[in-house]
file input_25.tsv (TSV, C-alpha atoms)
chain	number	residue	atom	x	y	z
H	1	MET	CA	-195.75	37.44	-49.10
H	2	LYS	CA	-192.84	35.16	-50.03
H	3	LYS	CA	-190.64	35.88	-53.03
H	4	VAL	CA	-189.58	33.53	-55.82
H	5	LEU	CA	-187.11	34.26	-58.63
H	6	PHE	CA	-187.81	32.66	-62.03
H	7	LEU	CA	-184.97	32.06	-64.47
H	8	THR	CA	-186.29	31.63	-68.00
H	9	TYR	CA	-184.43	32.11	-71.25
H	10	TYR	CA	-187.61	33.04	-73.10
H	11	TRP	CA	-189.77	36.02	-72.24
H	12	PRO	CA	-192.14	38.37	-74.08
H	13	PRO	CA	-192.03	39.76	-76.68
H	14	SER	CA	-190.50	36.43	-77.74
H	15	GLY	CA	-193.10	34.22	-79.39
H	16	LYS	CA	-191.40	31.04	-78.16
H	17	ALA	CA	-193.98	28.50	-77.00
H	18	SER	CA	-191.73	27.52	-74.08
H	19	LEU	CA	-192.46	30.77	-72.26
H	20	HIS	CA	-196.21	30.20	-71.87
H	21	TRP	CA	-195.91	27.95	-68.81
H	22	PRO	CA	-193.64	30.22	-66.73
H	23	LEU	CA	-195.54	33.30	-67.89
H	24	LYS	CA	-198.83	31.94	-66.54
H	25	MET	CA	-197.28	30.50	-63.37
H	26	ILE	CA	-195.88	33.96	-62.66
H	27	LYS	CA	-199.21	35.58	-63.47
H	28	TYR	CA	-201.23	33.38	-61.10
H	29	LEU	CA	-198.75	32.70	-58.27
H	30	SER	CA	-199.48	36.05	-56.64
H	31	GLU	CA	-203.01	34.77	-55.94
H	32	PHE	CA	-201.47	32.02	-53.81
H	33	GLY	CA	-199.09	34.00	-51.60
H	34	TRP	CA	-195.99	34.30	-53.79
H	35	GLN	CA	-194.43	37.42	-55.32
H	36	PRO	CA	-192.41	36.46	-58.43
H	37	ALA	CA	-189.52	38.23	-60.16
H	38	VAL	CA	-187.95	37.25	-63.48
H	39	LEU	CA	-184.38	36.95	-64.75
H	40	THR	CA	-184.12	36.51	-68.53
H	41	VAL	CA	-182.11	37.53	-71.62
H	42	GLU	CA	-182.34	40.73	-73.62
H	43	ASP	CA	-182.81	38.88	-76.90
H	44	GLU	CA	-182.45	35.44	-78.49
H	45	SER	CA	-181.53	34.28	-81.98
H	46	PHE	CA	-184.75	32.51	-82.97
H	47	MET	CA	-187.07	35.16	-81.60
H	48	GLN	CA	-190.32	35.64	-83.46
H	49	LYS	CA	-192.05	38.50	-81.70
H	50	ASP	CA	-195.50	38.17	-80.19
H	51	ASP	CA	-196.31	41.58	-78.77
H	52	SER	CA	-199.72	40.37	-77.61
H	53	MET	CA	-197.99	38.48	-74.78
H	54	MET	CA	-196.76	41.75	-73.26
H	55	SER	CA	-200.24	42.37	-71.89
H	56	GLU	CA	-199.87	39.26	-69.71
H	57	ILE	CA	-197.11	40.89	-67.66
H	58	ALA	CA	-198.18	42.70	-64.49
H	59	PRO	CA	-196.94	46.34	-64.43
H	60	ASP	CA	-195.29	45.82	-61.03
H	61	LEU	CA	-193.47	42.59	-61.96
H	62	LYS	CA	-189.71	42.96	-61.63
H	63	VAL	CA	-187.99	41.72	-64.81
H	64	ILE	CA	-184.19	41.78	-65.09
H	65	LYS	CA	-182.75	41.27	-68.58
H	66	THR	CA	-179.09	40.55	-69.26
H	67	LYS	CA	-176.78	40.01	-72.18
H	68	SER	CA	-175.92	36.56	-73.49
H	69	ILE	CA	-173.30	35.14	-75.84
H	70	GLU	CA	-175.33	33.75	-78.73
H	71	PRO	CA	-173.45	31.16	-80.84
H	72	PHE	CA	-176.22	31.20	-83.42
H	73	GLU	CA	-174.99	34.61	-84.55
H	74	PHE	CA	-171.70	32.91	-85.48
H	75	TYR	CA	-173.74	30.13	-87.12
H	76	LYS	CA	-175.26	32.71	-89.47
H	77	ILE	CA	-171.84	33.97	-90.49
H	78	PHE	CA	-170.31	30.50	-90.87
H	79	THR	CA	-173.14	29.16	-93.02
H	80	GLY	CA	-173.32	32.29	-95.17
H	81	LYS	CA	-176.65	33.56	-93.91
H	82	GLY	CA	-177.29	37.26	-93.67
H	83	LYS	CA	-177.02	39.02	-90.32
H	84	ASP	CA	-180.71	39.88	-90.34
H	85	VAL	CA	-181.92	36.44	-91.47
H	86	GLN	CA	-184.46	34.91	-89.07
H	87	LEU	CA	-183.27	31.45	-88.05
H	88	VAL	CA	-185.71	28.55	-88.13
H	89	ALA	CA	-185.21	26.02	-85.33
H	90	SER	CA	-186.27	22.97	-87.35
H	91	GLU	CA	-183.82	23.81	-90.14
H	92	THR	CA	-180.78	24.32	-87.89
H	93	ILE	CA	-180.95	20.68	-86.72
H	94	SER	CA	-182.33	19.11	-89.90
H	95	LYS	CA	-180.40	16.23	-91.49
H	96	GLU	CA	-181.89	17.19	-94.87
H	97	ASN	CA	-179.32	19.98	-95.29
H	98	LYS	CA	-176.26	18.24	-96.77
H	99	SER	CA	-173.93	21.25	-96.93
H	100	LEU	CA	-170.53	20.90	-95.27
H	101	THR	CA	-170.87	24.12	-93.26
H	102	HIS	CA	-174.22	23.00	-91.86
H	103	ALA	CA	-172.83	19.55	-90.96
H	104	ILE	CA	-169.85	21.09	-89.17
H	105	SER	CA	-172.07	23.58	-87.33
H	106	LEU	CA	-174.44	20.82	-86.28
H	107	TRP	CA	-171.59	18.68	-84.92
H	108	ILE	CA	-170.19	21.66	-82.98
H	109	ARG	CA	-173.60	22.39	-81.49
H	110	MET	CA	-174.15	18.77	-80.47
H	111	ASN	CA	-170.68	18.19	-79.00
H	112	LEU	CA	-168.99	21.40	-77.87
H	113	PHE	CA	-171.87	23.29	-76.23
H	114	ILE	CA	-172.67	21.46	-73.00
H	115	PRO	CA	-175.41	21.16	-71.96
H	116	ASP	CA	-176.67	23.31	-74.86
H	117	ALA	CA	-175.91	26.27	-77.08
H	118	ARG	CA	-177.41	28.74	-74.57
H	119	ILE	CA	-174.61	28.18	-72.04
H	120	GLY	CA	-173.31	31.62	-73.01
H	121	TRP	CA	-175.97	33.15	-70.73
H	122	TYR	CA	-174.57	31.45	-67.61
H	123	PRO	CA	-172.06	34.12	-66.45
H	124	PHE	CA	-174.45	36.99	-67.10
H	125	ALA	CA	-177.34	35.25	-65.35
H	126	VAL	CA	-175.27	34.31	-62.31
H	127	SER	CA	-173.86	37.82	-61.98
H	128	ALA	CA	-177.29	39.48	-62.21
H	129	GLY	CA	-178.90	36.90	-59.93
H	130	ASN	CA	-176.24	37.25	-57.25
H	131	LYS	CA	-176.64	41.02	-57.26
H	132	LEU	CA	-180.43	40.82	-57.01
H	133	LEU	CA	-180.36	38.38	-54.12
H	134	LEU	CA	-177.83	40.50	-52.26
H	135	ASP	CA	-180.18	43.47	-52.48
H	136	GLU	CA	-183.43	41.59	-51.75
H	137	LYS	CA	-184.45	38.53	-49.77
H	138	PHE	CA	-185.90	35.72	-51.88
H	139	ASP	CA	-187.22	32.41	-50.59
H	140	SER	CA	-186.62	30.20	-53.63
H	141	VAL	CA	-185.46	30.02	-57.25
H	142	VAL	CA	-187.32	28.29	-60.11
H	143	SER	CA	-185.57	27.57	-63.43
H	144	ILE	CA	-187.23	26.61	-66.71
H	145	GLY	CA	-185.53	24.28	-69.16
H	146	PRO	CA	-184.79	23.74	-71.92
H	147	PRO	CA	-182.41	25.29	-72.40
H	148	HIS	CA	-181.15	23.22	-69.47
H	149	SER	CA	-178.10	25.45	-69.03
H	150	VAL	CA	-180.55	27.73	-67.21
H	151	HIS	CA	-180.66	25.17	-64.38
H	152	LEU	CA	-176.89	25.50	-63.89
H	153	ALA	CA	-177.24	29.24	-63.40
H	154	ALA	CA	-180.20	28.82	-61.03
H	155	ALA	CA	-178.32	26.27	-58.92
H	156	LYS	CA	-175.34	28.61	-58.57
H	157	ILE	CA	-177.49	31.62	-57.64
H	158	ALA	CA	-179.49	29.61	-55.10
H	159	LYS	CA	-176.33	28.15	-53.55
H	160	ASN	CA	-174.80	31.60	-53.10
H	161	ALA	CA	-178.02	32.88	-51.49
H	162	LYS	CA	-178.48	29.69	-49.42
H	163	ILE	CA	-182.06	29.16	-50.64
H	164	PRO	CA	-183.68	26.16	-52.42
H	165	PHE	CA	-184.07	25.91	-56.15
H	166	TYR	CA	-186.58	24.00	-58.27
H	167	PRO	CA	-185.72	23.02	-61.87
H	168	VAL	CA	-188.67	22.56	-64.23
H	169	PHE	CA	-188.12	20.09	-67.07
H	170	ILE	CA	-190.43	20.92	-69.94
H	171	ASP	CA	-188.41	18.45	-72.05
H	172	PRO	CA	-185.90	15.81	-70.97
H	173	TRP	CA	-182.27	16.88	-70.61
H	174	LEU	CA	-179.85	14.13	-71.60
H	175	ASN	CA	-182.21	12.44	-74.06
H	176	ILE	CA	-184.14	15.37	-75.49
H	177	ALA	CA	-185.97	14.41	-78.70
H	178	TYR	CA	-183.91	16.49	-81.14
H	179	TYR	CA	-180.77	14.48	-80.24
H	180	LYS	CA	-182.36	11.54	-82.07
H	181	GLY	CA	-180.26	10.68	-85.11
H	182	GLN	CA	-177.56	13.20	-84.17
H	183	THR	CA	-173.90	12.42	-83.48
H	184	ARG	CA	-172.73	13.09	-79.92
H	185	SER	CA	-169.39	11.88	-78.55
H	186	LYS	CA	-169.13	9.64	-75.50
H	187	LEU	CA	-167.30	12.41	-73.63
H	188	THR	CA	-170.08	14.91	-74.41
H	189	ILE	CA	-172.75	12.51	-73.19
H	190	MET	CA	-170.76	11.72	-70.05
H	191	LEU	CA	-170.36	15.41	-69.15
H	192	ASP	CA	-174.00	16.11	-69.93
H	193	ALA	CA	-175.08	13.23	-67.66
H	194	PHE	CA	-172.84	14.58	-64.89
H	195	PHE	CA	-174.51	18.00	-65.02
H	196	GLU	CA	-178.00	16.51	-65.17
H	197	LYS	CA	-177.46	14.33	-62.10
H	198	ARG	CA	-175.81	17.17	-60.21
H	199	ILE	CA	-178.75	19.50	-60.79
H	200	LEU	CA	-181.31	16.88	-59.79
H	201	LYS	CA	-179.37	16.04	-56.62
H	202	LYS	CA	-178.96	19.65	-55.53
H	203	SER	CA	-182.59	20.63	-56.20
H	204	ARG	CA	-185.00	20.82	-53.29
H	205	ALA	CA	-187.58	19.30	-55.62
H	206	SER	CA	-187.66	18.73	-59.40
H	207	ILE	CA	-190.72	19.35	-61.54
H	208	PHE	CA	-191.70	17.56	-64.75
H	209	VAL	CA	-194.56	18.27	-67.13
H	210	THR	CA	-195.50	14.62	-67.81
H	211	GLU	CA	-196.01	11.56	-65.63
H	212	THR	CA	-194.02	9.49	-68.10
H	213	SER	CA	-191.01	11.79	-67.92
H	214	LEU	CA	-190.95	11.67	-64.11
H	215	ALA	CA	-191.25	7.88	-64.12
H	216	ASP	CA	-188.39	7.63	-66.61
H	217	TYR	CA	-186.19	9.91	-64.50
H	218	VAL	CA	-186.95	7.97	-61.31
H	219	LYS	CA	-185.67	4.82	-63.03
H	220	SER	CA	-182.35	6.55	-63.69
H	221	TYR	CA	-182.26	8.52	-60.42
H	222	PRO	CA	-184.19	6.70	-57.65
H	223	PHE	CA	-183.62	9.59	-55.25
H	224	LEU	CA	-186.22	11.57	-57.24
H	225	LYS	CA	-189.00	9.30	-56.00
H	226	ASP	CA	-189.50	11.46	-52.91
H	227	LYS	CA	-188.86	14.85	-54.50
H	228	GLY	CA	-190.21	14.63	-58.04
H	229	HIS	CA	-193.48	16.32	-58.99
H	230	VAL	CA	-195.64	16.52	-62.11
H	231	LEU	CA	-197.23	19.81	-63.17
H	232	HIS	CA	-198.70	19.50	-66.65
H	233	TRP	CA	-198.18	22.13	-69.33
H	234	GLY	CA	-201.88	22.97	-69.37
H	235	PHE	CA	-203.86	25.76	-71.04
H	236	ASP	CA	-204.95	29.23	-70.01
H	237	ASP	CA	-208.73	29.09	-69.68
H	238	GLU	CA	-209.02	32.87	-69.86
H	239	LYS	CA	-207.98	32.70	-73.53
H	240	PHE	CA	-210.99	30.52	-74.35
H	241	VAL	CA	-213.78	32.47	-72.65
H	242	ASN	CA	-215.14	33.69	-76.00
H	243	PHE	CA	-213.91	30.80	-78.14
H	244	LYS	CA	-216.34	29.69	-80.85
H	245	ARG	CA	-215.97	27.37	-83.83
H	246	LEU	CA	-216.00	29.41	-87.04
H	247	LYS	CA	-216.45	26.74	-89.68
H	248	SER	CA	-219.52	26.86	-91.91
H	249	ARG	CA	-220.89	23.83	-93.78
H	250	GLY	CA	-219.90	23.28	-97.38
H	251	GLU	CA	-216.36	24.67	-97.18
H	252	ALA	CA	-213.11	22.69	-97.32
H	253	LYS	CA	-212.34	20.55	-94.29
H	254	ILE	CA	-209.20	21.88	-92.60
H	255	LEU	CA	-206.62	19.67	-90.90
H	256	LEU	CA	-204.47	22.03	-88.83
H	257	HIS	CA	-201.07	21.51	-87.22
H	258	ALA	CA	-200.20	24.38	-84.85
H	259	GLY	CA	-196.57	25.07	-83.96
H	260	ASN	CA	-193.26	23.80	-85.35
H	261	ILE	CA	-193.08	20.32	-86.86
H	262	PHE	CA	-189.73	18.54	-87.23
H	263	ASP	CA	-188.46	15.73	-89.47
H	264	PHE	CA	-188.75	13.22	-86.62
H	265	GLN	CA	-192.47	14.06	-86.22
H	266	ASN	CA	-193.43	13.22	-89.78
H	267	PRO	CA	-196.63	11.09	-90.19
H	268	VAL	CA	-195.72	10.11	-93.76
H	269	LYS	CA	-198.61	7.69	-94.35
H	270	LEU	CA	-201.16	10.27	-93.18
H	271	TRP	CA	-200.27	12.53	-96.12
H	272	GLY	CA	-200.88	9.64	-98.53
H	273	HIS	CA	-204.26	8.89	-96.93
H	274	ILE	CA	-205.29	12.56	-97.16
H	275	LYS	CA	-204.46	12.50	-100.87
H	276	LYS	CA	-206.61	9.38	-101.33
H	277	ARG	CA	-209.57	11.09	-99.67
H	278	ILE	CA	-209.09	14.16	-101.87
H	279	ASP	CA	-208.91	11.98	-104.99
H	280	ALA	CA	-212.16	10.34	-103.85
H	281	GLY	CA	-213.90	13.72	-103.89
H	282	GLU	CA	-213.38	15.15	-100.39
H	283	ASN	CA	-212.33	18.78	-100.08
H	284	ILE	CA	-209.51	18.75	-97.51
H	285	ARG	CA	-206.76	21.30	-96.91
H	286	LEU	CA	-203.67	21.10	-94.71
H	287	TRP	CA	-202.85	24.17	-92.64
H	288	PHE	CA	-199.61	24.69	-90.75
H	289	THR	CA	-198.69	27.46	-88.34
H	290	GLY	CA	-195.08	27.89	-87.23
H	291	THR	CA	-192.25	26.24	-89.18
H	292	VAL	CA	-192.41	23.08	-91.28
H	293	SER	CA	-189.17	21.11	-91.50
H	294	PRO	CA	-187.61	20.24	-94.89
H	295	GLY	CA	-188.35	16.51	-94.49
H	296	VAL	CA	-192.05	17.10	-93.78
H	297	LYS	CA	-192.31	19.50	-96.72
H	298	ARG	CA	-190.77	16.88	-98.99
H	299	SER	CA	-193.18	14.16	-97.82
H	300	ILE	CA	-196.18	16.39	-98.38
H	301	SER	CA	-194.93	17.26	-101.85
H	302	GLU	CA	-194.29	13.59	-102.70
H	303	ALA	CA	-197.87	12.81	-101.66
H	304	GLY	CA	-199.10	15.36	-104.21
H	305	LEU	CA	-200.52	17.75	-101.60
H	306	ASP	CA	-198.68	20.98	-102.42
H	307	GLU	CA	-201.74	22.66	-103.92
H	308	HIS	CA	-203.82	21.56	-100.92
H	309	THR	CA	-201.38	22.92	-98.32
H	310	THR	CA	-201.22	26.35	-96.71
H	311	SER	CA	-198.33	27.49	-94.51
H	312	LEU	CA	-199.49	30.35	-92.30
H	313	GLY	CA	-196.07	30.91	-90.73
H	314	PHE	CA	-195.60	32.28	-87.25
H	315	LEU	CA	-198.77	33.56	-85.58
H	316	SER	CA	-199.19	35.41	-82.32
H	317	TYR	CA	-200.71	33.30	-79.57
H	318	ASP	CA	-204.06	35.09	-79.84
H	319	ASP	CA	-204.11	34.64	-83.61
H	320	MET	CA	-203.22	30.98	-83.19
H	321	ILE	CA	-206.27	30.49	-80.96
H	322	LYS	CA	-208.45	32.22	-83.56
H	323	THR	CA	-207.01	29.96	-86.27
H	324	LEU	CA	-207.81	26.84	-84.24
H	325	ALA	CA	-211.45	27.90	-84.37
H	326	GLU	CA	-211.41	27.51	-88.18
H	327	ALA	CA	-210.20	23.89	-88.12
H	328	ASP	CA	-212.23	20.72	-88.51
H	329	PHE	CA	-209.53	18.44	-87.12
H	330	LEU	CA	-206.31	19.12	-85.23
H	331	LEU	CA	-203.04	17.26	-85.80
H	332	VAL	CA	-200.43	16.69	-83.10
H	333	CYS	CA	-197.26	14.57	-83.29
H	334	ALA	CA	-195.47	13.44	-80.13
H	335	MET	CA	-191.68	13.33	-80.44
H	336	GLU	CA	-191.17	10.28	-78.23
H	337	LYS	CA	-192.79	8.38	-75.36
H	338	ARG	CA	-192.13	11.06	-72.70
H	339	HIS	CA	-193.28	13.96	-74.85
H	340	PHE	CA	-196.67	15.56	-74.24
H	341	PRO	CA	-196.91	18.34	-76.86
H	342	GLY	CA	-197.92	21.60	-75.21
H	343	LYS	CA	-200.34	22.48	-78.00
H	344	LEU	CA	-202.37	19.38	-77.18
H	345	PHE	CA	-203.80	21.11	-74.09
H	346	GLU	CA	-205.09	24.00	-76.19
H	347	TYR	CA	-206.45	21.44	-78.63
H	348	LEU	CA	-208.31	19.67	-75.83
H	349	ARG	CA	-209.83	22.95	-74.66
H	350	THR	CA	-211.25	23.71	-78.14
H	351	GLY	CA	-213.28	20.49	-78.31
H	352	ILE	CA	-212.22	19.98	-81.95
H	353	PRO	CA	-211.43	16.32	-82.86
H	354	ILE	CA	-207.73	15.48	-82.47
H	355	ILE	CA	-205.69	13.07	-84.57
H	356	ALA	CA	-202.41	12.28	-82.83
H	357	PHE	CA	-199.33	10.35	-83.87
H	358	GLY	CA	-196.60	8.98	-81.63
H	359	ASP	CA	-194.90	5.71	-80.84
H	360	ASP	CA	-195.31	4.12	-77.41
H	361	ASN	CA	-196.75	7.28	-75.82
H	362	ALA	CA	-199.31	5.89	-73.39
H	363	GLU	CA	-199.79	9.18	-71.52
H	364	VAL	CA	-200.91	11.19	-74.55
H	365	GLU	CA	-203.08	8.33	-75.77
H	366	GLY	CA	-204.61	7.88	-72.33
H	367	ILE	CA	-205.68	11.51	-71.95
H	368	ILE	CA	-207.05	11.68	-75.50
H	369	ASN	CA	-209.06	8.51	-74.90
H	370	LEU	CA	-210.20	9.49	-71.39
H	371	SER	CA	-211.47	12.85	-72.61
H	372	ASN	CA	-212.95	11.28	-75.80
H	373	ALA	CA	-211.18	13.97	-77.81
H	374	GLY	CA	-209.94	11.88	-80.73
H	375	MET	CA	-207.52	9.05	-81.54
H	376	MET	CA	-203.79	8.34	-81.45
H	377	PHE	CA	-201.82	6.22	-83.90
H	378	PRO	CA	-198.23	5.00	-84.33
H	379	PHE	CA	-196.22	6.77	-87.03
H	380	SER	CA	-196.48	3.62	-89.15
H	381	SER	CA	-200.27	4.14	-89.47
H	382	ASP	CA	-202.18	6.31	-91.93
H	383	GLY	CA	-204.80	7.30	-89.31
H	384	SER	CA	-207.73	6.37	-91.55
H	385	GLU	CA	-209.81	5.07	-88.63
H	386	PHE	CA	-209.95	8.58	-87.15
H	387	PHE	CA	-211.88	9.93	-90.12
H	388	ASP	CA	-214.31	7.02	-90.02
H	389	LYS	CA	-215.15	7.74	-86.36
H	390	LEU	CA	-215.31	11.54	-86.42
H	391	ASP	CA	-218.91	11.71	-85.23
H	392	THR	CA	-218.10	9.79	-82.04
H	393	PHE	CA	-215.66	12.34	-80.60
H	394	LYS	CA	-216.91	14.85	-78.02
H	395	THR	CA	-214.40	16.18	-75.51
H	396	ASN	CA	-215.36	15.77	-71.84
H	397	PRO	CA	-214.82	19.16	-70.08
H	398	GLU	CA	-214.69	17.50	-66.63
H	399	VAL	CA	-211.55	15.60	-67.65
H	400	ILE	CA	-209.65	18.59	-68.99
H	401	LYS	CA	-210.44	21.22	-66.34
H	402	GLN	CA	-207.55	19.88	-64.22
H	403	PHE	CA	-205.21	21.33	-66.87
H	404	ASP	CA	-206.23	24.95	-66.32
H	405	ARG	CA	-202.96	26.82	-65.59
H	406	LYS	CA	-204.49	28.60	-62.61
H	407	VAL	CA	-205.07	25.18	-61.03
H	408	ILE	CA	-201.49	24.21	-61.89
H	409	ALA	CA	-200.10	27.45	-60.40
H	410	GLN	CA	-201.81	26.65	-57.12
H	411	LYS	CA	-200.11	23.24	-57.11
H	412	LEU	CA	-196.76	24.94	-57.76
H	413	SER	CA	-197.33	27.25	-54.79
H	414	GLU	CA	-197.96	24.20	-52.59
H	415	ILE	CA	-194.69	22.60	-53.73
H	416	LEU	CA	-192.77	25.78	-52.90
H	417	GLU	CA	-194.46	25.97	-49.48
H	418	ASP	CA	-193.93	22.30	-48.60
H	419	ASN	CA	-190.27	22.30	-49.40
call {"tool": "encode", "arguments": {"input": "input_25.tsv", "output": "structure tokens"}}
result
Amino acid sequence: MKKVLFLTYYWPPSGKASLHWPLKMIKYLSEFGWQPAVLTVEDESFMQKDDSMMSEIAPDLKVIKTKSIEPFEFYKIFTGKGKDVQLVASETISKENKSLTHAISLWIRMNLFIPDARIGWYPFAVSAGNKLLLDEKFDSVVSIGPPHSVHLAAAKIAKNAKIPFYPVFIDPWLNIAYYKGQTRSKLTIMLDAFFEKRILKKSRASIFVTETSLADYVKSYPFLKDKGHVLHWGFDDEKFVNFKRLKSRGEAKILLHAGNIFDFQNPVKLWGHIKKRIDAGENIRLWFTGTVSPGVKRSISEAGLDEHTTSLGFLSYDDMIKTLAEADFLLVCAMEKRHFPGKLFEYLRTGIPIIAFGDDNAEVEGIINLSNAGMMFPFSSDGSEFFDKLDTFKTNPEVIKQFDRKVIAQKLSEILEDN
């Protein structure tokens, strides 16, 4: 059996959504002739724990954890937060916070940490990876980004061991969505672009989680045409074996958004339309899991929906699936045209009608329409047509079965074998 080393910044018991893809690839790859090992960090600043994910890890899986220099610990001190305060990702990059210390911290993060604020893991990861590959023979290295600094460590480890490496881009690198509206210097962007191109050139093959993202990268880097692959984020079908809708007739209709929502994902006119329907006699409640950014909170409040809104906070993955079962409609907001929100795959698997917002995102709209799962609107719309057509939506299981992560893991094994 061949061996593959995964570098991922996030790993259980972290509740970070970004770890679900590598976790399931690692879980299923052994069925297709590959023995994985994992290199990760001991802890990370934003970590909300999800102990339920620990059960997904095979007892014999080798997991090496190292230290990392975490600048967000200094951020807490500089901005006057307590040492034990849990940081919220959406708030650390929000433009709603007008304090001087936050503005300075945000500028430092956007301009001095290249490619990102997790670069402090690089020396520890390279050291541990070099030692591991001296002691054992591995056939390839796979790195998961963001944070994209992980790719730099993977490239160095693979080069030293003279084996191929495969970066996986869950989000774009140079133009990741949360850079929108932020201030980055020309020098910072130039250096970031240098690192991005270098990683893509040195990779044996590069993997993207959307067709749109790969197509966009090929325009910038034509050499990717022959070594770029798409493996969608997908869903874990095992988690839905006993899934059943829990709603009973006569109760409030629940519009649920699962996961973090940021200022740049704010469907402002939707909140106003929901309030109109409530004023007309409908019983509708907004539910949010994860964090809600300050700008979204303000828009909901301005629409007069505070008393109709429930923030459930962070939920374990299993509890999130159970909560989906209580919803009548599911809300998802794409960040930009290349973004395919990971939660959308779980949404599709539930069969619950989906209302999506995003500008110029043909891939998300295409899959929603092809599977007859719901409707997508630009952020300038209020989405009213969705509610008028609710009875016409019925998700086609034949369309979505291609997104089962076991199917995707098999495709990953074929990429590793072919290259």
call {"tool": "closest_atom_pairs", "arguments": {"input": "input_25.tsv", "of": "stretch 193-293 of chain H", "to": "stretch 11-19 of chain H", "cutoff": "12 Å", "atoms": "all atoms listed in the file", "output": "Markdown table"}}
result
| residue | atom | partner | partner_atom | distance |
| --- | --- | --- | --- | --- |
| H:Val209 | CA | H:Ser18 | CA | 11.9 |
| H:Trp233 | CA | H:Ser18 | CA | 9.7 |
| H:Phe235 | CA | H:Ala17 | CA | 11.9 |
| H:Ala258 | CA | H:Ala17 | CA | 10.8 |
| H:Gly259 | CA | H:Ala17 | CA | 8.2 |
| H:Asn260 | CA | H:Ala17 | CA | 9.6 |
| H:Gly290 | CA | H:Gly15 | CA | 10.3 |
call {"tool": "closest_residue", "arguments": {"input": "input_25.tsv", "among": "H:Val332, H:Leu214, H:Ile321, H:Ile199", "to": "H:Lys159", "atoms": "all atoms listed in the file"}}
result
H:Ile199
call {"tool": "residues_around", "arguments": {"input": "input_25.tsv", "residues": "H:Gly228", "least_positions_apart": "2", "cutoff": "6 Å", "atoms": "all atoms listed in the file", "output": "list of chain:residue names"}}
result
H:Ala205, H:Ser206, H:Ile207, H:Leu224, H:Lys225
call {"tool": "write_last_selection", "arguments": {"input": "input_25.tsv", "atoms": "C-alpha atoms", "output": "short mmCIF file (atom, residue, chain, number, x, y, z; two decimals), keeping the file's coordinate frame"}}
result
data_model
loop_
_atom_site.label_atom_id
_atom_site.label_comp_id
_atom_site.auth_asym_id
_atom_site.auth_seq_id
_atom_site.Cartn_x
_atom_site.Cartn_y
_atom_site.Cartn_z
CA ALA H 205 -187.58 19.30 -55.62
CA SER H 206 -187.66 18.73 -59.40
CA ILE H 207 -190.72 19.35 -61.54
CA LEU H 224 -186.22 11.57 -57.24
CA LYS H 225 -189.00 9.30 -56.00
#
call {"tool": "atom_distance", "arguments": {"input": "input_25.tsv", "atom1": "atom CA of H:Trp173", "atom2": "atom CA of H:Asp116"}}
result
9.5 Å
call {"tool": "atom_distance", "arguments": {"input": "input_25.tsv", "atom1": "atom CA of H:Arg405", "atom2": "atom CA of H:Asp236"}}
result
5.4 Å
call {"tool": "residues_around", "arguments": {"input": "input_25.tsv", "residues": "H:Leu412", "least_positions_apart": "4", "cutoff": "10 Å", "atoms": "all atoms listed in the file", "output": "JSON, numbers by chain"}}
result
{"H": [25, 29, 32, 207, 229, 230, 231, 406, 407, 408, 416, 417, 418]}
call {"tool": "closest_residue", "arguments": {"input": "input_25.tsv", "among": "H:Ser371, H:Asn361, H:Ser55, H:Ser381", "to": "H:Thr212", "atoms": "all atoms listed in the file"}}
result
H:Asn361
call {"tool": "atom_distance", "arguments": {"input": "input_25.tsv", "atom1": "atom CA of H:Leu191", "atom2": "atom CA of H:Arg118"}}
result
16.0 Å
call {"tool": "residues_around", "arguments": {"input": "input_25.tsv", "residues": "H:Val142", "least_positions_apart": "5", "cutoff": "12 Å", "atoms": "all atoms listed in the file", "output": "PyMOL selection string"}}
result
chain H and resi 3-8+22+25-26+36-39+150-155+157-158+163-169+203-207+412-413+415-416
call {"tool": "closest_residue", "arguments": {"input": "input_25.tsv", "among": "H:Ser311, H:Ala125, H:Asp318, H:Ile69", "to": "H:Met54", "atoms": "all atoms listed in the file"}}
result
H:Asp318
call {"tool": "decode", "arguments": {"input": "input_25.tsv", "residues": "stretch 335-342 of chain H", "atoms": "N, CA and C atoms", "output": "compact mmCIF listing (two decimals), in the first residue's frame"}}
result
# COMPACT_ATOMS: atom_id res chain seq x y z
N MET H 335 -19.71 33.76 -1.55
CA MET H 335 -18.89 34.95 -1.35
C MET H 335 -18.60 35.67 -2.66
N GLU H 336 -18.30 34.90 -3.71
CA GLU H 336 -18.00 35.47 -5.01
C GLU H 336 -18.16 34.37 -6.05
N LYS H 337 -17.85 34.65 -7.32
CA LYS H 337 -18.24 33.76 -8.40
C LYS H 337 -17.55 32.40 -8.36
N ARG H 338 -16.38 32.30 -7.70
CA ARG H 338 -15.67 31.02 -7.64
C ARG H 338 -16.02 30.21 -6.40
N HIS H 339 -16.82 30.79 -5.51
CA HIS H 339 -17.07 30.18 -4.21
C HIS H 339 -18.27 29.25 -4.26
N PHE H 340 -18.06 28.01 -3.86
CA PHE H 340 -19.15 27.04 -3.72
C PHE H 340 -19.20 26.67 -2.24
N PRO H 341 -20.08 27.30 -1.46
CA PRO H 341 -20.09 27.08 -0.01
C PRO H 341 -20.21 25.60 0.34
N GLY H 342 -19.31 25.14 1.21
CA GLY H 342 -19.29 23.73 1.57
C GLY H 342 -20.61 23.23 2.12
